[in-house]
Amino acid sequence: MLRWIIFLIFYTVISVYGFQAVRTLVKSTWVYYLFFGIALVIIGNFLFQFLASSEGRVLNPAKSYAFGFLLAFISFNLVIIPIMLGEDIIRLIIGLYDRLVTTNDGFYLPSRRKFISQVALGLAAIPFASLLYGMYEGKYRFRVLNYTLHFEDLPDAFNGYRITQISDIHSGSFDNKKKIEYGIDLINEQKSDVIMFTGDLVNNKSSEMLPWKGLFGSLKAKDGIYSVLGNHDYGDYVDWDSHEAKAQNLADLVQLQRDMGFDLLLNESRFIEKNGQRIAIVGVENWGKGGFKTAGDLKKASEKINPDDFKILLSHDPTHWEAKVINDEYHYHLTLCGHTHGMQFGIEIPGWIKWSPIKWRYKYWAGIYQELGQYINVNRGFGYLGYPGRVGIWPEITVIELKKGVNNA
């Protein structure tokens with residue numbers, strides 16, 4: 001309860017500063033009422049969704065939007081605060097100087113300047129508008145990222161082999177069937193040899209996927225669809241009535257993937273064969289640092305493959321690659337991950353900048369990386385979680401072409 005009280009005090013303080021900027025520019029009582037009305041509606045809806053909801057910690061679109069609007073409003077006010085606070089400090093200094101140095105009686109603060117409030121509101125509008133755009137358009141702004149990776153020991157039969165990777169579907173957050181249909185069509189349009197899904201099919205419960213089962217069941221690739229589990233697939237973030245209910249949820253999710261035509265790898269491996277040659281597909285359960293589930297068993301998953309096989313590893317969390325994979329005695333040529341979402345927020349301009357706050361949490365957080373002759377691709381995710389949008393880090397469909405040749409890293 002104490003943390004909620006502290007949060008409400010914080011929210012009230014930043015709202016007051018936002019109001020001060022608006023009041024300096026607009027001398028209208030109804031605008032004041034509108035500002036505080038919006039502030040009350042946003043915080044009221046958020047508290048209702050997260051404190052009064054019968055679903056507890058289960059994330060759904062209503063909760064996500066409540067959080068999204070709160071985040072946008074807080075961001076708006078947080079940009080205003082340092083500008084207005086800076087002006088208040090200057091006003092206070094001028095007032096004290098006027099009182100102590102001049103002969104004026106009393107203490108008077110200079111009035112706020114409209115120009116400063118205009119600057120504050122103009123700058124605050126940028127993150128506010130961006131977050132709203134991310135909620136209504138950015139989260140479904142699917143893009144296809146193409147990579148070509150060279151390997152000297154790639155079997156000749158797989159020269160030019162194409163892999164489409166998707167990750168972090170988070171079907172419990174979806175709210176627009178037409179947009180998801182577009183995303184599915186975009187995946188199929190790549191006509192890759194194989195599709196690989198690297199975990200987090202749902203937010204919490206297998207039932208979240210039922211409305212989308214038919215759509216994702218329409219994914220097609222010549223050599224099939226391989227998948228692994230992500231941390232959210234285990235139902236660890238839900239208060240279950242019993243251990244049996246939680247276990248049944250996982251069993252239902254496993255069966256659901258198989259019904260959709262996904263070959264779910266639970267610390268297992270498969271081979272794809274062409275013209276008498278083969279590559280190994282290795283899939284581990286979730287393994288992650290920072291309190292995430294560590295059910296992944298790389299040794300068990302690889303027990304049926306040979307050291308000299310060409311290996312593609314599916315592992316949801318990129319911290320697994322750093323901690324366990326790149327220094328393993330087996331050489332895993334390519335690891336496919338997800339999990340980070342690129343934080344769903346950042347700035348990316350190809351060839352110039354790739355930045356997100358998530359880089360302070362994950363060393364490998366988006367795109368292709370290479371270490372010790374091994375590659376990892378961290379997919380930015382197909383869906384979204386928590387904040388119901390994306391700003392600058394768009395939903396991703398990755399297409400990787402394998403080429404025989406000298407390592408080009």
# chains A, B, ... in the order shown; residues from 1 in each chain; ligands from 1

$ select_by_dssp --residues "stretch 166-285 of chain A" --states "strand (DSSP E)" --output "list in words"
Ile166, Val194, Ile195, Met196, Phe197, Ile225, Tyr226, Ser227, Phe262, Asp263, Leu264, Glu268, Ser269, Arg270, Phe271, Ile272, Glu273, Lys274, Gln277, Arg278, Ile279, Ala280, Ile281, Val282 and Gly283 of chain A

$ residues_around --residues "stretch 192-196 of chain A" --least-positions-apart "3" --cutoff "9 Å" --atoms "only C-alpha atoms" --output "number ranges by chain"
A: 161-167, 187-189, 219-228, 262, 314, 336, 399-401

$ closest_residue --among "A:Lys354, A:Lys363, A:Lys304, A:Arg141" --to "A:Trp321" --atoms "only C-alpha atoms"
A:Lys363

$ residues_around --residues "A:Ile184" --least-positions-apart "6" --cutoff "12 Å" --atoms "only C-alpha atoms" --output "number ranges by chain"
A: 140, 142-144, 164, 166, 169, 177-178, 190-191, 195, 212-220, 382-383, 396-397

$ write_last_selection --atoms "N, CA, C and O atoms" --output "mmCIF file, in the first residue's frame"
data_model
loop_
_atom_site.group_PDB
_atom_site.id
_atom_site.type_symbol
_atom_site.label_atom_id
_atom_site.label_comp_id
_atom_site.auth_asym_id
_atom_site.auth_seq_id
_atom_site.Cartn_x
_atom_site.Cartn_y
_atom_site.Cartn_z
ATOM 1 N N TYR A 140 1.794 -2.472 -34.827
ATOM 2 C CA TYR A 140 1.513 -3.350 -35.963
ATOM 3 C C TYR A 140 2.262 -2.914 -37.227
ATOM 4 O O TYR A 140 1.882 -3.281 -38.337
ATOM 5 N N PHE A 142 4.723 -3.884 -38.970
ATOM 6 C CA PHE A 142 5.629 -5.010 -39.210
ATOM 7 C C PHE A 142 6.654 -4.662 -40.280
ATOM 8 O O PHE A 142 6.343 -4.023 -41.279
ATOM 9 N N ARG A 143 7.889 -5.109 -40.036
ATOM 10 C CA ARG A 143 8.917 -4.934 -41.048
ATOM 11 C C ARG A 143 9.712 -6.226 -41.172
ATOM 12 O O ARG A 143 9.869 -6.984 -40.209
ATOM 13 N N VAL A 144 10.185 -6.464 -42.382
ATOM 14 C CA VAL A 144 10.993 -7.648 -42.675
ATOM 15 C C VAL A 144 12.452 -7.223 -42.715
ATOM 16 O O VAL A 144 12.824 -6.319 -43.466
ATOM 17 N N THR A 164 12.987 -18.050 -41.855
ATOM 18 C CA THR A 164 12.207 -16.939 -41.311
ATOM 19 C C THR A 164 12.058 -17.159 -39.815
ATOM 20 O O THR A 164 11.591 -18.211 -39.384
ATOM 21 N N ILE A 166 10.393 -15.714 -36.231
ATOM 22 C CA ILE A 166 9.492 -14.836 -35.497
ATOM 23 C C ILE A 166 9.649 -15.150 -34.016
ATOM 24 O O ILE A 166 10.114 -16.227 -33.644
ATOM 25 N N ILE A 169 5.254 -13.614 -29.706
ATOM 26 C CA ILE A 169 3.934 -13.319 -30.276
ATOM 27 C C ILE A 169 3.038 -12.619 -29.256
ATOM 28 O O ILE A 169 2.335 -11.662 -29.574
ATOM 29 N N LYS A 177 -7.604 -8.015 -35.499
ATOM 30 C CA LYS A 177 -7.449 -9.223 -36.303
ATOM 31 C C LYS A 177 -6.891 -8.933 -37.690
ATOM 32 O O LYS A 177 -6.048 -9.674 -38.205
ATOM 33 N N LYS A 178 -7.335 -7.834 -38.307
ATOM 34 C CA LYS A 178 -6.856 -7.524 -39.661
ATOM 35 C C LYS A 178 -5.348 -7.266 -39.674
ATOM 36 O O LYS A 178 -4.649 -7.677 -40.611
ATOM 37 N N GLN A 190 7.354 -14.499 -47.506
ATOM 38 C CA GLN A 190 8.815 -14.635 -47.584
ATOM 39 C C GLN A 190 9.212 -15.958 -48.241
ATOM 40 O O GLN A 190 10.336 -16.090 -48.735
ATOM 41 N N LYS A 191 8.307 -16.927 -48.219
ATOM 42 C CA LYS A 191 8.529 -18.235 -48.869
ATOM 43 C C LYS A 191 9.882 -18.840 -48.472
ATOM 44 O O LYS A 191 10.635 -19.343 -49.318
ATOM 45 N N ILE A 195 10.420 -22.038 -41.000
ATOM 46 C CA ILE A 195 10.034 -20.977 -40.070
ATOM 47 C C ILE A 195 10.434 -21.425 -38.674
ATOM 48 O O ILE A 195 10.215 -22.577 -38.292
ATOM 49 N N TRP A 212 -6.581 -16.964 -31.968
ATOM 50 C CA TRP A 212 -5.593 -16.737 -33.020
ATOM 51 C C TRP A 212 -5.019 -18.037 -33.561
ATOM 52 O O TRP A 212 -4.142 -18.013 -34.435
ATOM 53 N N LYS A 213 -5.517 -19.138 -33.051
ATOM 54 C CA LYS A 213 -4.987 -20.448 -33.436
ATOM 55 C C LYS A 213 -5.079 -20.689 -34.939
ATOM 56 O O LYS A 213 -4.127 -21.163 -35.571
ATOM 57 N N GLY A 214 -6.214 -20.371 -35.532
ATOM 58 C CA GLY A 214 -6.401 -20.594 -36.967
ATOM 59 C C GLY A 214 -5.440 -19.772 -37.809
ATOM 60 O O GLY A 214 -4.880 -20.271 -38.791
ATOM 61 N N LEU A 215 -5.238 -18.498 -37.418
ATOM 62 C CA LEU A 215 -4.336 -17.632 -38.180
ATOM 63 C C LEU A 215 -2.904 -18.154 -38.148
ATOM 64 O O LEU A 215 -2.265 -18.293 -39.190
ATOM 65 N N PHE A 216 -2.394 -18.433 -36.966
ATOM 66 C CA PHE A 216 -1.014 -18.890 -36.871
ATOM 67 C C PHE A 216 -0.864 -20.326 -37.361
ATOM 68 O O PHE A 216 0.231 -20.730 -37.762
ATOM 69 N N GLY A 217 -1.959 -21.055 -37.372
ATOM 70 C CA GLY A 217 -1.932 -22.387 -37.956
ATOM 71 C C GLY A 217 -1.820 -22.361 -39.468
ATOM 72 O O GLY A 217 -1.542 -23.391 -40.092
ATOM 73 N N SER A 218 -2.020 -21.177 -40.073
ATOM 74 C CA SER A 218 -1.918 -21.054 -41.529
ATOM 75 C C SER A 218 -0.492 -20.759 -41.990
ATOM 76 O O SER A 218 -0.243 -20.637 -43.185
ATOM 77 N N LEU A 219 0.440 -20.626 -41.060
ATOM 78 C CA LEU A 219 1.834 -20.437 -41.442
ATOM 79 C C LEU A 219 2.353 -21.686 -42.146
ATOM 80 O O LEU A 219 2.099 -22.810 -41.700
ATOM 81 N N LYS A 220 3.084 -21.476 -43.233
ATOM 82 C CA LYS A 220 3.558 -22.609 -44.033
ATOM 83 C C LYS A 220 5.022 -22.412 -44.418
ATOM 84 O O LYS A 220 5.449 -21.312 -44.751
ATOM 85 N N PHE A 382 7.341 -10.113 -32.526
ATOM 86 C CA PHE A 382 6.184 -9.927 -33.398
ATOM 87 C C PHE A 382 5.092 -9.152 -32.673
ATOM 88 O O PHE A 382 4.398 -8.334 -33.264
ATOM 89 N N GLY A 383 4.928 -9.420 -31.389
ATOM 90 C CA GLY A 383 3.876 -8.782 -30.599
ATOM 91 C C GLY A 383 4.428 -7.754 -29.628
ATOM 92 O O GLY A 383 5.479 -7.164 -29.855
ATOM 93 N N GLU A 396 9.039 -7.293 -35.743
ATOM 94 C CA GLU A 396 10.030 -7.799 -36.696
ATOM 95 C C GLU A 396 9.729 -9.206 -37.201
ATOM 96 O O GLU A 396 9.332 -10.090 -36.442
ATOM 97 N N ILE A 397 9.958 -9.374 -38.487
ATOM 98 C CA ILE A 397 10.021 -10.684 -39.134
ATOM 99 C C ILE A 397 11.412 -10.782 -39.734
ATOM 100 O O ILE A 397 11.787 -9.957 -40.565
#

$ closest_atom_pairs --of "stretch 294-380 of chain A" --to "stretch 153-160 of chain A" --cutoff "10 Å" --atoms "only C-alpha atoms" --output "tab-separated table"
residue	atom	partner	partner_atom	distance
A:Asp308	CA	A:Asp153	CA	9.0
A:Asp309	CA	A:Asp153	CA	9.1
A:Phe310	CA	A:Leu154	CA	6.5
A:Lys311	CA	A:Leu154	CA	9.5
A:His333	CA	A:Leu154	CA	9.2

$ write_last_selection --atoms "C-alpha atoms" --output "PDB file, in the first residue's frame"
ATOM      1  CA  ASP A 308      30.708 -31.570 -36.656  1.00  0.00           C
ATOM      2  CA  ASP A 309      27.029 -31.090 -37.557  1.00  0.00           C
ATOM      3  CA  PHE A 310      26.013 -27.629 -38.723  1.00  0.00           C
ATOM      4  CA  LYS A 311      23.849 -26.405 -35.822  1.00  0.00           C
ATOM      5  CA  HIS A 333      26.831 -21.783 -35.780  1.00  0.00           C
TER       6      HIS A 333
END

$ closest_residue --among "A:Leu385, A:Gly95, A:Phe76, A:Thr24" --to "A:Ala129" --atoms "only C-alpha atoms"
A:Phe76

$ select_by_dssp --residues "stretch 44-266 of chain A" --states "alpha helix (DSSP H)" --output "PyMOL selection string"
chain A and resi 44-47+61-100+114-136+177-189+213-216+243-259

$ residues_around --residues "stretch 115-120 of chain A" --least-positions-apart "5" --cutoff "12 Å" --atoms "only C-alpha atoms" --output "VMD selection string"
chain A and resid 17 to 26 76 to 88 90 125 to 127

$ write_last_selection --atoms "N, CA and C atoms" --output "PDB file, in the first residue's frame"
ATOM      1  N   TYR A  17       2.625  20.331 -12.185  1.00  0.00           N
ATOM      2  CA  TYR A  17       3.566  21.067 -13.044  1.00  0.00           C
ATOM      3  C   TYR A  17       3.055  21.131 -14.490  1.00  0.00           C
ATOM      4  N   GLY A  18       2.479  20.031 -14.955  1.00  0.00           N
ATOM      5  CA  GLY A  18       1.890  20.063 -16.287  1.00  0.00           C
ATOM      6  C   GLY A  18       0.780  21.091 -16.372  1.00  0.00           C
ATOM      7  N   PHE A  19      -0.035  21.147 -15.321  1.00  0.00           N
ATOM      8  CA  PHE A  19      -1.123  22.121 -15.269  1.00  0.00           C
ATOM      9  C   PHE A  19      -0.580  23.551 -15.299  1.00  0.00           C
ATOM     10  N   GLN A  20       0.533  23.789 -14.599  1.00  0.00           N
ATOM     11  CA  GLN A  20       1.115  25.136 -14.571  1.00  0.00           C
ATOM     12  C   GLN A  20       1.510  25.594 -15.972  1.00  0.00           C
ATOM     13  N   ALA A  21       2.075  24.687 -16.761  1.00  0.00           N
ATOM     14  CA  ALA A  21       2.463  25.050 -18.126  1.00  0.00           C
ATOM     15  C   ALA A  21       1.244  25.382 -18.969  1.00  0.00           C
ATOM     16  N   VAL A  22       0.185  24.596 -18.818  1.00  0.00           N
ATOM     17  CA  VAL A  22      -1.046  24.833 -19.585  1.00  0.00           C
ATOM     18  C   VAL A  22      -1.679  26.154 -19.160  1.00  0.00           C
ATOM     19  N   ARG A  23      -1.711  26.409 -17.859  1.00  0.00           N
ATOM     20  CA  ARG A  23      -2.379  27.615 -17.344  1.00  0.00           C
ATOM     21  C   ARG A  23      -1.684  28.893 -17.795  1.00  0.00           C
ATOM     22  N   THR A  24      -0.348  28.828 -17.939  1.00  0.00           N
ATOM     23  CA  THR A  24       0.398  30.015 -18.378  1.00  0.00           C
ATOM     24  C   THR A  24       0.006  30.423 -19.791  1.00  0.00           C
ATOM     25  N   LEU A  25      -0.319  29.426 -20.613  1.00  0.00           N
ATOM     26  CA  LEU A  25      -0.639  29.715 -22.014  1.00  0.00           C
ATOM     27  C   LEU A  25      -2.118  29.942 -22.254  1.00  0.00           C
ATOM     28  N   VAL A  26      -2.964  29.230 -21.509  1.00  0.00           N
ATOM     29  CA  VAL A  26      -4.403  29.276 -21.785  1.00  0.00           C
ATOM     30  C   VAL A  26      -5.141  29.808 -20.561  1.00  0.00           C
ATOM     31  N   PHE A  76       4.712  13.037 -20.678  1.00  0.00           N
ATOM     32  CA  PHE A  76       4.387  14.426 -21.015  1.00  0.00           C
ATOM     33  C   PHE A  76       4.793  15.363 -19.873  1.00  0.00           C
ATOM     34  N   ASN A  77       4.414  14.986 -18.669  1.00  0.00           N
ATOM     35  CA  ASN A  77       4.694  15.851 -17.522  1.00  0.00           C
ATOM     36  C   ASN A  77       6.162  15.829 -17.105  1.00  0.00           C
ATOM     37  N   LEU A  78       6.820  14.681 -17.277  1.00  0.00           N
ATOM     38  CA  LEU A  78       8.227  14.593 -16.893  1.00  0.00           C
ATOM     39  C   LEU A  78       9.119  15.476 -17.758  1.00  0.00           C
ATOM     40  N   VAL A  79       8.736  15.686 -19.007  1.00  0.00           N
ATOM     41  CA  VAL A  79       9.499  16.616 -19.862  1.00  0.00           C
ATOM     42  C   VAL A  79       9.283  18.054 -19.398  1.00  0.00           C
ATOM     43  N   ILE A  80       8.085  18.349 -18.950  1.00  0.00           N
ATOM     44  CA  ILE A  80       7.760  19.713 -18.514  1.00  0.00           C
ATOM     45  C   ILE A  80       8.471  20.081 -17.220  1.00  0.00           C
ATOM     46  N   ILE A  81       8.579  19.131 -16.284  1.00  0.00           N
ATOM     47  CA  ILE A  81       9.066  19.438 -14.936  1.00  0.00           C
ATOM     48  C   ILE A  81      10.430  20.124 -14.913  1.00  0.00           C
ATOM     49  N   PRO A  82      11.480  19.579 -15.545  1.00  0.00           N
ATOM     50  CA  PRO A  82      12.788  20.259 -15.421  1.00  0.00           C
ATOM     51  C   PRO A  82      12.790  21.662 -16.012  1.00  0.00           C
ATOM     52  N   ILE A  83      12.001  21.874 -17.065  1.00  0.00           N
ATOM     53  CA  ILE A  83      11.952  23.210 -17.676  1.00  0.00           C
ATOM     54  C   ILE A  83      11.252  24.186 -16.749  1.00  0.00           C
ATOM     55  N   MET A  84      10.079  23.781 -16.231  1.00  0.00           N
ATOM     56  CA  MET A  84       9.322  24.668 -15.349  1.00  0.00           C
ATOM     57  C   MET A  84      10.017  24.843 -14.004  1.00  0.00           C
ATOM     58  N   LEU A  85      10.629  23.758 -13.504  1.00  0.00           N
ATOM     59  CA  LEU A  85      11.346  23.851 -12.241  1.00  0.00           C
ATOM     60  C   LEU A  85      12.548  24.783 -12.373  1.00  0.00           C
ATOM     61  N   GLY A  86      13.240  24.682 -13.520  1.00  0.00           N
ATOM     62  CA  GLY A  86      14.356  25.599 -13.769  1.00  0.00           C
ATOM     63  C   GLY A  86      13.893  27.040 -13.776  1.00  0.00           C
ATOM     64  N   GLU A  87      12.739  27.277 -14.403  1.00  0.00           N
ATOM     65  CA  GLU A  87      12.203  28.642 -14.412  1.00  0.00           C
ATOM     66  C   GLU A  87      11.839  29.090 -13.001  1.00  0.00           C
ATOM     67  N   ASP A  88      11.283  28.173 -12.186  1.00  0.00           N
ATOM     68  CA  ASP A  88      10.917  28.521 -10.809  1.00  0.00           C
ATOM     69  C   ASP A  88      12.145  28.912  -9.997  1.00  0.00           C
ATOM     70  N   ILE A  90      14.918  30.252 -11.140  1.00  0.00           N
ATOM     71  CA  ILE A  90      15.321  31.586 -11.601  1.00  0.00           C
ATOM     72  C   ILE A  90      14.378  32.645 -11.047  1.00  0.00           C
ATOM     73  N   ALA A 125       5.184  17.407 -26.042  1.00  0.00           N
ATOM     74  CA  ALA A 125       4.281  16.818 -27.032  1.00  0.00           C
ATOM     75  C   ALA A 125       4.954  15.722 -27.848  1.00  0.00           C
ATOM     76  N   ILE A 126       6.297  15.760 -27.950  1.00  0.00           N
ATOM     77  CA  ILE A 126       7.010  14.776 -28.776  1.00  0.00           C
ATOM     78  C   ILE A 126       6.881  13.364 -28.213  1.00  0.00           C
ATOM     79  N   PRO A 127       7.287  13.102 -26.950  1.00  0.00           N
ATOM     80  CA  PRO A 127       7.102  11.747 -26.428  1.00  0.00           C
ATOM     81  C   PRO A 127       5.636  11.374 -26.261  1.00  0.00           C
TER      82      PRO A 127
END

$ atom_distance --atom1 "atom CA of A:Ala251" --atom2 "atom CA of A:Glu303"
24.2 Å

$ residues_around --residues "A:Thr340" --least-positions-apart "5" --cutoff "9 Å" --atoms "only C-alpha atoms" --output "CSV table (one decimal) with all heavy atoms, in the first residue's frame"
chain,number,residue,atom,x,y,z
A,168,ASP,N,8.2,-13.9,-29.7
A,168,ASP,CA,7.4,-13.1,-28.8
A,168,ASP,C,6.1,-12.6,-29.4
A,168,ASP,O,5.8,-11.5,-29.6
A,168,ASP,CB,8.3,-11.9,-28.4
A,168,ASP,CG,9.5,-12.3,-27.6
A,168,ASP,OD1,9.4,-12.4,-26.4
A,168,ASP,OD2,10.5,-12.6,-28.3
A,317,ASP,N,16.0,-16.7,-24.7
A,317,ASP,CA,16.7,-15.6,-24.0
A,317,ASP,C,18.1,-15.4,-24.4
A,317,ASP,O,18.9,-16.4,-24.3
A,317,ASP,CB,16.6,-15.8,-22.4
A,317,ASP,CG,16.9,-14.6,-21.6
A,317,ASP,OD1,17.9,-13.9,-21.9
A,317,ASP,OD2,16.3,-14.4,-20.6
A,318,PRO,N,18.5,-14.2,-24.9
A,318,PRO,CA,19.9,-14.1,-25.4
A,318,PRO,C,21.0,-14.2,-24.3
A,318,PRO,O,22.2,-14.4,-24.6
A,318,PRO,CB,19.9,-12.7,-26.0
A,318,PRO,CG,18.8,-12.0,-25.3
A,318,PRO,CD,17.8,-13.0,-25.1
A,358,ILE,N,17.1,-0.7,-23.3
A,358,ILE,CA,17.3,-2.1,-23.0
A,358,ILE,C,18.7,-2.5,-23.1
A,358,ILE,O,19.1,-3.5,-22.5
A,358,ILE,CB,16.4,-3.0,-23.9
A,358,ILE,CG1,16.2,-4.4,-23.3
A,358,ILE,CG2,17.0,-3.1,-25.3
A,358,ILE,CD1,15.3,-4.4,-22.1
A,362,TYR,N,20.6,-5.7,-21.4
A,362,TYR,CA,21.1,-6.9,-22.2
A,362,TYR,C,22.2,-6.4,-23.2
A,362,TYR,O,22.1,-5.5,-23.9
A,362,TYR,CB,19.9,-7.4,-23.1
A,362,TYR,CG,18.8,-8.1,-22.2
A,362,TYR,CD1,17.7,-7.4,-21.9
A,362,TYR,CD2,19.0,-9.4,-21.8
A,362,TYR,CE1,16.7,-8.0,-21.1
A,362,TYR,CE2,18.0,-10.0,-21.0
A,362,TYR,CZ,16.8,-9.3,-20.7
A,362,TYR,OH,15.9,-9.8,-19.9
A,364,TYR,N,23.3,-8.2,-25.7
A,364,TYR,CA,22.8,-8.6,-27.0
A,364,TYR,C,21.3,-8.4,-27.0
A,364,TYR,O,20.5,-9.2,-26.4
A,364,TYR,CB,23.1,-10.0,-27.4
A,364,TYR,CG,24.6,-10.4,-27.2
A,364,TYR,CD1,25.0,-11.1,-26.1
A,364,TYR,CD2,25.6,-9.9,-28.1
A,364,TYR,CE1,26.4,-11.3,-25.8
A,364,TYR,CE2,26.9,-10.2,-27.9
A,364,TYR,CZ,27.3,-10.9,-26.8
A,364,TYR,OH,28.6,-11.2,-26.6
A,365,TRP,N,20.8,-7.3,-27.6
A,365,TRP,CA,19.4,-7.0,-27.5
A,365,TRP,C,18.6,-6.8,-28.7
A,365,TRP,O,17.4,-6.9,-28.7
A,365,TRP,CB,19.3,-5.7,-26.7
A,365,TRP,CG,19.9,-4.5,-27.3
A,365,TRP,CD1,21.2,-4.1,-27.2
A,365,TRP,CD2,19.3,-3.5,-28.1
A,365,TRP,NE1,21.4,-2.9,-27.9
A,365,TRP,CE2,20.2,-2.5,-28.5
A,365,TRP,CE3,17.9,-3.4,-28.6
A,365,TRP,CZ2,19.9,-1.5,-29.3
A,365,TRP,CZ3,17.6,-2.3,-29.4
A,365,TRP,CH2,18.6,-1.3,-29.8
A,366,ALA,N,19.2,-6.7,-29.9
A,366,ALA,CA,18.5,-6.6,-31.2
A,366,ALA,C,19.4,-6.8,-32.3
A,366,ALA,O,20.5,-6.2,-32.4
A,366,ALA,CB,17.7,-5.3,-31.3
A,378,VAL,N,18.9,-11.6,-32.4
A,378,VAL,CA,17.9,-11.3,-31.3
A,378,VAL,C,16.8,-10.6,-32.0
A,378,VAL,O,16.9,-9.4,-32.4
A,378,VAL,CB,18.5,-10.5,-30.2
A,378,VAL,CG1,17.5,-10.3,-29.1
A,378,VAL,CG2,19.8,-11.1,-29.6
A,379,ASN,N,15.7,-11.3,-32.2
A,379,ASN,CA,14.5,-10.8,-32.9
A,379,ASN,C,13.8,-9.8,-31.9
A,379,ASN,O,13.6,-10.1,-30.7
A,379,ASN,CB,13.6,-12.0,-33.2
A,379,ASN,CG,12.4,-11.6,-34.0
A,379,ASN,OD1,11.5,-11.0,-33.5
A,379,ASN,ND2,12.4,-11.9,-35.3
A,380,ARG,N,13.3,-8.7,-32.5
A,380,ARG,CA,12.7,-7.7,-31.7
A,380,ARG,C,11.2,-8.0,-31.3
A,380,ARG,O,10.6,-7.3,-30.6
A,380,ARG,CB,12.7,-6.3,-32.5
A,380,ARG,CG,14.1,-5.8,-32.7
A,380,ARG,CD,14.2,-4.8,-33.8
A,380,ARG,NE,15.5,-4.2,-34.1
A,380,ARG,CZ,16.5,-4.9,-34.8
A,380,ARG,NH1,16.2,-6.1,-35.3
A,380,ARG,NH2,17.6,-4.3,-34.9
A,381,GLY,N,10.7,-9.1,-31.8
A,381,GLY,CA,9.4,-9.6,-31.4
A,381,GLY,C,8.3,-9.2,-32.4
A,381,GLY,O,8.4,-8.2,-33.1

$ atom_distance --atom1 "atom CA of A:Glu273" --atom2 "atom CA of A:Gly405"
19.9 Å

$ decode --residues "stretch 88-99 of chain A" --atoms "N, CA, C and O atoms" --output "compact mmCIF listing (two decimals), in the first residue's frame"
# COMPACT_ATOMS: atom_id res chain seq x y z
N ASP A 88 11.28 28.17 -12.19
CA ASP A 88 10.92 28.52 -10.81
C ASP A 88 12.14 28.91 -10.00
O ASP A 88 12.09 29.83 -9.17
N ILE A 89 13.24 28.21 -10.20
CA ILE A 89 14.48 28.54 -9.47
C ILE A 89 14.95 29.94 -9.85
O ILE A 89 15.34 30.74 -8.99
N ILE A 90 14.92 30.25 -11.14
CA ILE A 90 15.32 31.59 -11.60
C ILE A 90 14.38 32.65 -11.05
O ILE A 90 14.82 33.72 -10.59
N ARG A 91 13.08 32.37 -11.04
CA ARG A 91 12.10 33.32 -10.49
C ARG A 91 12.36 33.56 -9.02
O ARG A 91 12.27 34.70 -8.52
N LEU A 92 12.69 32.47 -8.30
CA LEU A 92 12.96 32.60 -6.86
C LEU A 92 14.20 33.45 -6.62
O LEU A 92 14.21 34.33 -5.73
N ILE A 93 15.24 33.23 -7.40
CA ILE A 93 16.48 34.02 -7.25
C ILE A 93 16.22 35.49 -7.52
O ILE A 93 16.67 36.38 -6.78
N ILE A 94 15.46 35.76 -8.58
CA ILE A 94 15.14 37.16 -8.92
C ILE A 94 14.32 37.80 -7.80
O ILE A 94 14.55 38.95 -7.40
N GLY A 95 13.36 37.02 -7.27
CA GLY A 95 12.53 37.55 -6.19
C GLY A 95 13.33 37.85 -4.94
O GLY A 95 13.13 38.89 -4.28
N LEU A 96 14.25 36.95 -4.58
CA LEU A 96 15.10 37.17 -3.40
C LEU A 96 16.03 38.36 -3.61
O LEU A 96 16.25 39.18 -2.69
N TYR A 97 16.58 38.45 -4.80
CA TYR A 97 17.47 39.58 -5.11
C TYR A 97 16.70 40.90 -4.98
O TYR A 97 17.19 41.87 -4.39
N ASP A 98 15.51 40.91 -5.52
CA ASP A 98 14.69 42.11 -5.48
C ASP A 98 14.36 42.50 -4.05
O ASP A 98 14.32 43.68 -3.69
N ARG A 99 14.13 41.48 -3.21
CA ARG A 99 13.76 41.76 -1.81
C ARG A 99 14.96 42.18 -0.97
O ARG A 99 14.88 43.09 -0.14
